[in-house]
>>> print(open('structure.cif').read())   # mmCIF, C-alpha atoms
data_run
#
loop_
_atom_site.label_atom_id
_atom_site.label_comp_id
_atom_site.auth_asym_id
_atom_site.auth_seq_id
_atom_site.Cartn_x
_atom_site.Cartn_y
_atom_site.Cartn_z
CA MET A 1 -46.23 7.36 1.77
CA PRO A 2 -42.53 8.40 1.65
CA ARG A 3 -41.56 11.35 3.76
CA LEU A 4 -40.57 14.33 1.64
CA THR A 5 -37.55 16.46 2.48
CA SER A 6 -37.20 20.10 1.62
CA PRO A 7 -34.58 21.32 -0.87
CA ARG A 8 -32.90 23.15 2.02
CA ALA A 9 -32.65 19.97 4.09
CA GLU A 10 -31.28 18.08 1.09
CA ALA A 11 -28.68 20.78 0.48
CA THR A 12 -27.67 20.73 4.14
CA ALA A 13 -27.28 16.96 4.08
CA ALA A 14 -25.26 17.12 0.85
CA THR A 15 -22.94 19.77 2.29
CA ARG A 16 -22.40 17.77 5.45
CA ALA A 17 -21.75 14.59 3.45
CA GLY A 18 -19.22 16.44 1.29
CA LEU A 19 -17.36 17.66 4.35
CA VAL A 20 -17.31 14.19 5.89
CA GLU A 21 -16.03 12.71 2.62
CA ALA A 22 -13.24 15.29 2.35
CA ALA A 23 -12.29 14.88 6.00
CA THR A 24 -12.24 11.08 5.66
CA ALA A 25 -9.68 11.25 2.87
CA LEU A 26 -7.51 13.73 4.76
CA PHE A 27 -7.64 11.95 8.12
CA ALA A 28 -6.80 8.66 6.40
CA GLU A 29 -3.85 10.17 4.52
CA ARG A 30 -2.43 12.67 7.04
CA GLY A 31 -3.94 11.72 10.37
CA PHE A 32 -5.97 13.80 12.80
CA ALA A 33 -3.11 15.91 14.14
CA GLU A 34 -1.86 16.95 10.69
CA THR A 35 -5.27 17.84 9.25
CA SER A 36 -6.78 21.29 9.79
CA ILE A 37 -10.25 22.68 9.27
CA ASP A 38 -8.74 24.85 6.50
CA ASP A 39 -7.51 21.69 4.78
CA VAL A 40 -10.95 20.10 4.91
CA ALA A 41 -12.64 23.23 3.60
CA ALA A 42 -10.17 23.47 0.71
CA VAL A 43 -10.58 19.84 -0.35
CA ALA A 44 -14.37 20.06 -0.04
CA GLY A 45 -14.41 23.28 -2.06
CA MET A 46 -16.15 25.14 0.75
CA THR A 47 -15.37 27.93 3.16
CA LYS A 48 -14.04 27.45 6.66
CA GLY A 49 -17.25 29.04 7.90
CA ALA A 50 -19.26 26.30 6.19
CA VAL A 51 -17.34 23.68 8.15
CA TYR A 52 -18.06 25.43 11.45
CA HIS A 53 -21.70 25.82 10.47
CA HIS A 54 -22.05 22.03 10.50
CA PHE A 55 -19.45 21.01 13.07
CA ALA A 56 -18.36 22.61 16.33
CA GLY A 57 -14.72 21.90 15.54
CA LYS A 58 -12.23 19.37 14.27
CA ALA A 59 -13.02 16.85 17.00
CA ALA A 60 -16.73 16.93 16.15
CA LEU A 61 -15.93 16.49 12.46
CA PHE A 62 -13.64 13.60 13.28
CA GLU A 63 -16.38 11.90 15.31
CA ALA A 64 -18.74 12.18 12.33
CA VAL A 65 -16.09 10.55 10.13
CA PHE A 66 -15.43 7.92 12.79
CA SER A 67 -19.13 7.07 13.06
CA ALA A 68 -19.52 6.81 9.29
CA ARG A 69 -16.56 4.43 9.04
CA GLU A 70 -17.80 2.27 11.91
CA ALA A 71 -21.30 2.08 10.42
CA GLU A 72 -19.94 1.06 7.01
CA VAL A 73 -17.60 -1.61 8.35
CA HIS A 74 -20.18 -3.06 10.73
CA GLU A 75 -22.59 -3.40 7.82
CA ARG A 76 -19.88 -5.44 6.08
CA LEU A 77 -19.52 -7.58 9.21
CA ARG A 78 -23.27 -8.23 9.37
CA THR A 79 -23.26 -9.15 5.69
CA ALA A 80 -20.40 -11.62 6.22
CA LEU A 81 -22.18 -13.20 9.18
CA ASP A 82 -25.58 -13.40 7.49
CA ALA A 83 -24.14 -14.95 4.33
CA ALA A 84 -22.59 -17.85 6.25
CA PRO A 85 -24.34 -21.21 6.69
CA ASP A 86 -23.94 -21.09 10.47
CA HIS A 87 -22.55 -18.85 13.20
CA LEU A 88 -19.26 -20.73 13.46
CA VAL A 89 -18.43 -20.12 9.80
CA GLY A 90 -19.95 -16.64 10.09
CA ALA A 91 -17.81 -15.72 13.09
CA ARG A 92 -14.63 -16.48 11.19
CA ALA A 93 -15.89 -14.71 8.06
CA ALA A 94 -16.76 -11.61 10.08
CA LEU A 95 -13.40 -11.75 11.84
CA THR A 96 -11.55 -11.96 8.53
CA THR A 97 -13.59 -9.02 7.22
CA PHE A 98 -12.78 -7.01 10.34
CA LEU A 99 -9.04 -7.63 10.13
CA GLU A 100 -9.04 -6.71 6.44
CA ALA A 101 -10.91 -3.48 7.23
CA CYS A 102 -8.34 -2.63 9.88
CA SER A 103 -5.69 -2.64 7.15
CA GLU A 104 -7.59 0.10 5.30
CA PRO A 105 -6.42 3.63 6.21
CA THR A 106 -10.00 4.87 6.19
CA TYR A 107 -10.80 2.45 9.01
CA GLY A 108 -7.64 1.24 10.74
CA ARG A 109 -5.94 4.61 10.97
CA ILE A 110 -9.06 6.65 11.69
CA VAL A 111 -10.73 4.32 14.18
CA PHE A 112 -7.86 2.59 15.92
CA ARG A 113 -4.78 4.76 15.48
CA ASP A 114 -6.19 8.27 15.76
CA GLY A 115 -9.54 7.52 17.39
CA PRO A 116 -8.34 7.44 21.02
CA LEU A 117 -6.29 10.62 20.49
CA ALA A 118 -8.97 12.60 18.68
CA LEU A 119 -11.96 11.54 20.79
CA GLY A 120 -10.24 10.89 24.10
CA TRP A 121 -9.95 7.39 25.51
CA GLU A 122 -13.29 7.33 27.33
CA ARG A 123 -15.34 8.63 24.38
CA TRP A 124 -13.50 6.32 21.99
CA ARG A 125 -14.28 3.35 24.23
CA GLU A 126 -17.93 4.38 24.45
CA CYS A 127 -18.14 4.50 20.65
CA GLU A 128 -16.54 1.08 20.31
CA VAL A 129 -19.02 -0.38 22.79
CA ASP A 130 -21.94 1.28 21.01
CA TYR A 131 -20.97 -0.13 17.63
CA ALA A 132 -19.51 -3.51 18.43
CA LEU A 133 -20.86 -4.98 21.66
CA ALA A 134 -24.32 -5.94 20.40
CA PHE A 135 -22.84 -7.57 17.28
CA ILE A 136 -20.36 -9.58 19.35
CA ALA A 137 -23.13 -10.67 21.71
CA ARG A 138 -25.21 -11.74 18.69
CA VAL A 139 -22.36 -13.91 17.40
CA LEU A 140 -21.82 -15.53 20.80
CA ASP A 141 -25.53 -16.14 21.30
CA GLY A 142 -25.74 -17.71 17.84
CA LEU A 143 -22.81 -20.00 18.59
CA ALA A 144 -24.48 -21.03 21.84
CA ARG A 145 -27.88 -21.67 20.21
CA GLU A 146 -26.26 -23.87 17.58
CA GLY A 147 -24.48 -25.89 20.28
CA ASN A 148 -21.00 -24.75 19.32
CA LEU A 149 -19.88 -23.41 22.71
CA VAL A 150 -18.53 -25.59 25.50
CA THR A 151 -20.35 -23.44 28.07
CA ARG A 152 -23.01 -20.76 27.85
CA PRO A 153 -21.31 -17.35 27.29
CA GLY A 154 -21.09 -15.27 30.45
CA ALA A 155 -22.20 -11.65 30.61
CA SER A 156 -18.55 -10.54 30.48
CA TYR A 157 -17.73 -12.41 27.27
CA PRO A 158 -18.72 -9.70 24.75
CA THR A 159 -16.63 -7.11 26.61
CA LEU A 160 -13.64 -9.45 26.74
CA VAL A 161 -13.92 -10.25 23.03
CA LEU A 162 -14.26 -6.53 22.24
CA GLY A 163 -11.06 -5.87 24.15
CA MET A 164 -9.17 -8.42 22.08
CA LEU A 165 -10.60 -7.13 18.80
CA SER A 166 -9.79 -3.52 19.71
CA SER A 167 -6.22 -4.52 20.50
CA ALA A 168 -5.97 -6.28 17.15
CA GLY A 169 -7.34 -3.19 15.42
CA GLN A 170 -4.80 -0.97 17.14
CA LEU A 171 -1.95 -3.27 16.14
CA LEU A 172 -2.99 -3.12 12.49
CA GLY A 173 -3.82 0.58 12.63
CA GLN A 174 -0.33 1.41 13.89
CA ALA A 175 1.67 -1.05 11.79
CA PRO A 176 3.27 -0.11 8.45
CA PRO A 177 1.16 -1.35 5.50
CA GLU A 178 3.86 -3.77 4.34
CA GLN A 179 3.52 -5.64 7.65
CA HIS A 180 -0.26 -6.04 7.42
CA PRO A 181 -0.51 -9.38 5.54
CA ALA A 182 1.76 -11.21 8.00
CA LEU A 183 0.16 -9.49 10.99
CA ARG A 184 -3.37 -10.31 9.81
CA ALA A 185 -2.38 -13.96 9.40
CA GLU A 186 -0.87 -13.98 12.89
CA LEU A 187 -3.97 -12.36 14.42
CA LEU A 188 -6.32 -14.70 12.56
CA GLY A 189 -4.33 -17.64 13.91
CA PHE A 190 -4.71 -16.27 17.43
CA PHE A 191 -8.45 -15.80 17.10
CA ASP A 192 -8.78 -19.28 15.57
CA GLN A 193 -7.29 -20.61 18.82
CA VAL A 194 -9.73 -18.47 20.84
CA LEU A 195 -12.63 -19.87 18.83
CA ALA A 196 -11.26 -23.39 19.23
CA GLY A 197 -11.13 -22.88 23.00
CA LEU A 198 -14.68 -21.57 23.15
CA THR A 199 -16.06 -24.28 20.90
CA GLY A 200 -14.01 -27.21 22.15
CA GLY A 201 -12.27 -27.52 18.79
CA ARG A 202 -15.44 -27.96 16.74
#
>>> encode(input="structure.cif", output="structure tokens")
Amino acid sequence: MPRLTSPRAEATAATRAGLVEAATALFAERGFAETSIDDVAAVAGMTKGAVYHHFAGKAALFEAVFSAREAEVHERLRTALDAAPDHLVGARAALTTFLEACSEPTYGRIVFRDGPLALGWERWRECEVDYALAFIARVLDGLAREGNLVTRPGASYPTLVLGMLSSAGQLLGQAPPEQHPALRAELLGFFDQVLAGLTGGR
């Protein structure tokens, strides 16, 4: 039997979602430093007090936006991987999806350009590990099970791959939009060589 929610709980969730949506648009357009709680309240059509009722401050609101963007993009990555005939094709499809997402202001700018500033380096790194490490490990394990890796992936491999992907995300997040197509192609070429090294050119 589905669990029922009260009208009050639904209203609270709707208000919170509205604030996150407004903040997402502002952070993507202006950045964390140039967006105020007043700005978010105005765009959401709410009072400043309503923002503080749901979030302790701008950093907490930013983390909610950050988490929503990571969840949405990682669902796209899982979809790309699951739709592929094998993990080798899926790894490249997920990588392409990731690099394309990093060119979107609602992901690249929020997660990789402003994320370390707004959350602090340690918290930003923790969030990246929480969202990405298990997915990366899944891809590597799948490649190994299908016999695509030259050697069994070591325990450090997911962390090393995450470091490279985070660096790629930061490059795209900080680059002007007109440079993104060439930069994505360059990064995809680099990761193709990484995959070739791991798989022995399969």
>>> closest_residue(input="structure.cif", among="A:Glu100, A:Glu122, A:Asp130, A:Glu29", to="A:Ala168", atoms="only C-alpha atoms")
A:Glu100
>>> closest_residue(input="structure.cif", among="A:Thr151, A:Gln193, A:Ser103, A:Thr159", to="A:Pro176", atoms="all atoms listed in the file")
A:Ser103
>>> atom_distance(input="structure.cif", atom1="atom CA of A:Thr15", atom2="atom CA of A:Gly108")
25.5 Å
>>> closest_residue(input="structure.cif", among="A:Ala84, A:Val51, A:Ala91, A:Ala68", to="A:Asn148", atoms="only C-alpha atoms")
A:Ala91
>>> resolve_selection(input="structure.cif", expression="the PyMOL selection byres ((chain A and resi 124) around 12)", output="ChimeraX atom specification")
/A:59,62-63,66-67,70,110-123,125-131,166
>>> resolve_selection(input="structure.cif", expression="the PyMOL selection byres ((chain A and resi 182-189) around 8)", output="ChimeraX atom specification")
/A:95-96,99-100,168,172,179-181,190-193
>>> closest_residue(input="structure.cif", among="A:Leu61, A:Leu81, A:Val150, A:Leu165", to="A:Thr24", atoms="all atoms listed in the file")
A:Leu61
>>> build_atoms(input="structure.cif", residues="stretch 62-79 of chain A", atoms="N, CA, C and O atoms", output="PDB file, in the frame of the given file")
ATOM      1  N   PHE A  62     -14.281  14.912  13.225  1.00  0.00           N
ATOM      2  CA  PHE A  62     -13.640  13.600  13.280  1.00  0.00           C
ATOM      3  C   PHE A  62     -14.630  12.548  13.779  1.00  0.00           C
ATOM      4  O   PHE A  62     -14.689  11.432  13.243  1.00  0.00           O
ATOM      5  N   GLU A  63     -15.425  12.888  14.786  1.00  0.00           N
ATOM      6  CA  GLU A  63     -16.380  11.900  15.310  1.00  0.00           C
ATOM      7  C   GLU A  63     -17.419  11.531  14.255  1.00  0.00           C
ATOM      8  O   GLU A  63     -17.853  10.382  14.177  1.00  0.00           O
ATOM      9  N   ALA A  64     -17.813  12.491  13.426  1.00  0.00           N
ATOM     10  CA  ALA A  64     -18.740  12.180  12.330  1.00  0.00           C
ATOM     11  C   ALA A  64     -18.101  11.220  11.340  1.00  0.00           C
ATOM     12  O   ALA A  64     -18.749  10.277  10.855  1.00  0.00           O
ATOM     13  N   VAL A  65     -16.823  11.453  11.022  1.00  0.00           N
ATOM     14  CA  VAL A  65     -16.090  10.550  10.130  1.00  0.00           C
ATOM     15  C   VAL A  65     -15.961   9.168  10.774  1.00  0.00           C
ATOM     16  O   VAL A  65     -16.214   8.142  10.132  1.00  0.00           O
ATOM     17  N   PHE A  66     -15.581   9.156  12.023  1.00  0.00           N
ATOM     18  CA  PHE A  66     -15.430   7.920  12.790  1.00  0.00           C
ATOM     19  C   PHE A  66     -16.721   7.106  12.754  1.00  0.00           C
ATOM     20  O   PHE A  66     -16.713   5.909  12.460  1.00  0.00           O
ATOM     21  N   SER A  67     -17.841   7.761  13.029  1.00  0.00           N
ATOM     22  CA  SER A  67     -19.130   7.070  13.060  1.00  0.00           C
ATOM     23  C   SER A  67     -19.504   6.515  11.697  1.00  0.00           C
ATOM     24  O   SER A  67     -20.028   5.395  11.586  1.00  0.00           O
ATOM     25  N   ALA A  68     -19.218   7.281  10.642  1.00  0.00           N
ATOM     26  CA  ALA A  68     -19.520   6.810   9.290  1.00  0.00           C
ATOM     27  C   ALA A  68     -18.687   5.582   8.942  1.00  0.00           C
ATOM     28  O   ALA A  68     -19.192   4.628   8.328  1.00  0.00           O
ATOM     29  N   ARG A  69     -17.423   5.580   9.328  1.00  0.00           N
ATOM     30  CA  ARG A  69     -16.560   4.430   9.040  1.00  0.00           C
ATOM     31  C   ARG A  69     -17.003   3.203   9.833  1.00  0.00           C
ATOM     32  O   ARG A  69     -17.042   2.087   9.314  1.00  0.00           O
ATOM     33  N   GLU A  70     -17.339   3.393  11.100  1.00  0.00           N
ATOM     34  CA  GLU A  70     -17.800   2.270  11.910  1.00  0.00           C
ATOM     35  C   GLU A  70     -19.097   1.687  11.340  1.00  0.00           C
ATOM     36  O   GLU A  70     -19.256   0.467  11.258  1.00  0.00           O
ATOM     37  N   ALA A  71     -20.019   2.556  10.963  1.00  0.00           N
ATOM     38  CA  ALA A  71     -21.300   2.080  10.420  1.00  0.00           C
ATOM     39  C   ALA A  71     -21.080   1.271   9.149  1.00  0.00           C
ATOM     40  O   ALA A  71     -21.701   0.211   8.953  1.00  0.00           O
ATOM     41  N   GLU A  72     -20.187   1.751   8.277  1.00  0.00           N
ATOM     42  CA  GLU A  72     -19.940   1.060   7.010  1.00  0.00           C
ATOM     43  C   GLU A  72     -19.292  -0.301   7.247  1.00  0.00           C
ATOM     44  O   GLU A  72     -19.701  -1.312   6.645  1.00  0.00           O
ATOM     45  N   VAL A  73     -18.299  -0.349   8.118  1.00  0.00           N
ATOM     46  CA  VAL A  73     -17.600  -1.610   8.350  1.00  0.00           C
ATOM     47  C   VAL A  73     -18.514  -2.601   9.081  1.00  0.00           C
ATOM     48  O   VAL A  73     -18.529  -3.798   8.763  1.00  0.00           O
ATOM     49  N   HIS A  74     -19.304  -2.132  10.025  1.00  0.00           N
ATOM     50  CA  HIS A  74     -20.180  -3.060  10.730  1.00  0.00           C
ATOM     51  C   HIS A  74     -21.291  -3.602   9.823  1.00  0.00           C
ATOM     52  O   HIS A  74     -21.774  -4.728  10.028  1.00  0.00           O
ATOM     53  N   GLU A  75     -21.671  -2.859   8.817  1.00  0.00           N
ATOM     54  CA  GLU A  75     -22.590  -3.400   7.820  1.00  0.00           C
ATOM     55  C   GLU A  75     -21.911  -4.529   7.044  1.00  0.00           C
ATOM     56  O   GLU A  75     -22.539  -5.555   6.737  1.00  0.00           O
ATOM     57  N   ARG A  76     -20.636  -4.371   6.742  1.00  0.00           N
ATOM     58  CA  ARG A  76     -19.880  -5.440   6.080  1.00  0.00           C
ATOM     59  C   ARG A  76     -19.772  -6.674   6.982  1.00  0.00           C
ATOM     60  O   ARG A  76     -19.862  -7.823   6.498  1.00  0.00           O
ATOM     61  N   LEU A  77     -19.601  -6.455   8.278  1.00  0.00           N
ATOM     62  CA  LEU A  77     -19.520  -7.580   9.210  1.00  0.00           C
ATOM     63  C   LEU A  77     -20.844  -8.328   9.286  1.00  0.00           C
ATOM     64  O   LEU A  77     -20.875  -9.565   9.290  1.00  0.00           O
ATOM     65  N   ARG A  78     -21.947  -7.581   9.339  1.00  0.00           N
ATOM     66  CA  ARG A  78     -23.270  -8.230   9.370  1.00  0.00           C
ATOM     67  C   ARG A  78     -23.515  -9.015   8.087  1.00  0.00           C
ATOM     68  O   ARG A  78     -24.073 -10.123   8.127  1.00  0.00           O
ATOM     69  N   THR A  79     -23.093  -8.453   6.967  1.00  0.00           N
ATOM     70  CA  THR A  79     -23.260  -9.150   5.690  1.00  0.00           C
ATOM     71  C   THR A  79     -22.467 -10.451   5.678  1.00  0.00           C
ATOM     72  O   THR A  79     -22.964 -11.497   5.227  1.00  0.00           O
TER      73      THR A  79
END
